[in-house]
Amino acid sequence: MGYFRGSSSTSRRCGSTPAFRSDVETTTRLRTAAWIQGVYYLFSGLWPLLHMDSFLGVIGARGELWLTRALSLLVGASGLAILLAARSRRVTREIVIFGVILAFGLTFIDVYYSSLGTISDVYLVDAVVQLVLVGIWLGDRKALVAVTARSARSAGPSGQPGPEGVPRAARADRFLSRLALVRRRRARTGPHDKRETPPREKKAEGR
């Protein structure tokens, strides 16, 4: 959101409102991809955890249920993380890379172990869904370029963003500028005059 506010003010000064609208549309596309993958992963992770019998009825009986529960927990947690990124409008370059690698990895597991007969062929349907998710993420090249450029601007030269995306180098320059301004003001006013405090009035007699 801080990026949008900065971009909006800059676009008003430079008269480049269409560019700002284009960036908002690009971010909306990435948020849509994050919503789709997040919901699918969260559902896939919660299903065997909440109702294992119906899950096994679709994919077939499996011997190692603890492995199914562990994988479901990881997939569900990944989906929740992607959903939170989409909800907070912070679909960064790292979220895109995380979603793409996760979808590619699950696709490989589905295809490879289905061909060996270790898991059911139903997982091939999941592999198709994973490839669709990859296509949604990578289908808009303009969106990928925009989110990469925005992440680079937020990171700055040091590569580590500060609060609200402000680079550490920029915060250090701002602090030094304020310090120099305070020193110039003190040099202009000169040392403070030391004035003696007036003596206290004597207390009335008899007190």
# chains A, B, ... in the order shown; residues from 1 in each chain; ligands from 1
$ residues_around --residues "A:Ile82" --least-positions-apart "2" --cutoff "9 Å" --atoms "only C-alpha atoms" --output "list of chain:residue names"
A:Ala34, A:Trp35, A:Gln37, A:Gly38, A:Val39, A:Ala77, A:Ser78, A:Gly79, A:Leu80, A:Leu84, A:Ala85, A:Ala86, A:Arg87, A:Val91, A:Ile95, A:Phe98, A:Gly99
$ write_last_selection --atoms "C-alpha atoms" --output "PDB file, in the first residue's frame"
ATOM      1  CA  ALA A  34      -2.310 -16.060  -5.245  1.00  0.00           C
ATOM      2  CA  TRP A  35      -5.978 -16.365  -4.250  1.00  0.00           C
ATOM      3  CA  GLN A  37      -3.441 -21.254  -5.439  1.00  0.00           C
ATOM      4  CA  GLY A  38      -3.957 -20.389  -1.789  1.00  0.00           C
ATOM      5  CA  VAL A  39      -7.555 -21.600  -1.723  1.00  0.00           C
ATOM      6  CA  ALA A  77       0.226 -24.083   5.687  1.00  0.00           C
ATOM      7  CA  SER A  78       1.672 -23.053   2.329  1.00  0.00           C
ATOM      8  CA  GLY A  79      -1.781 -22.229   1.037  1.00  0.00           C
ATOM      9  CA  LEU A  80      -2.544 -20.152   4.120  1.00  0.00           C
ATOM     10  CA  LEU A  84      -2.393 -13.981   3.636  1.00  0.00           C
ATOM     11  CA  ALA A  85      -0.035 -12.432   1.093  1.00  0.00           C
ATOM     12  CA  ALA A  86      -2.921 -11.948  -1.337  1.00  0.00           C
ATOM     13  CA  ARG A  87      -5.198 -10.516   1.355  1.00  0.00           C
ATOM     14  CA  VAL A  91       2.329 -10.495  -3.482  1.00  0.00           C
ATOM     15  CA  ILE A  95       5.695 -15.183  -3.078  1.00  0.00           C
ATOM     16  CA  PHE A  98       7.478 -19.805  -3.728  1.00  0.00           C
ATOM     17  CA  GLY A  99       4.193 -20.561  -5.490  1.00  0.00           C
TER      18      GLY A  99
END
$ atom_distance --atom1 "atom CA of A:Tyr41" --atom2 "atom CA of A:Gly76"
5.5 Å
$ closest_atom_pairs --of "stretch 47-111 of chain A" --to "stretch 141-148 of chain A" --cutoff "10 Å" --atoms "only C-alpha atoms" --output "Markdown table"
| residue | atom | partner | partner_atom | distance |
| --- | --- | --- | --- | --- |
| A:Arg90 | CA | A:Val147 | CA | 10.0 |
| A:Val91 | CA | A:Val147 | CA | 8.0 |
| A:Thr92 | CA | A:Val147 | CA | 6.2 |
| A:Arg93 | CA | A:Thr148 | CA | 5.6 |
| A:Glu94 | CA | A:Thr148 | CA | 9.1 |
| A:Val96 | CA | A:Leu144 | CA | 8.3 |
$ atom_distance --atom1 "atom CA of A:Leu65" --atom2 "atom CA of A:Tyr113"
16.7 Å
$ closest_residue --among "A:Val182, A:Val125, A:Ile59, A:Arg89" --to "A:Thr32" --atoms "only C-alpha atoms"
A:Arg89
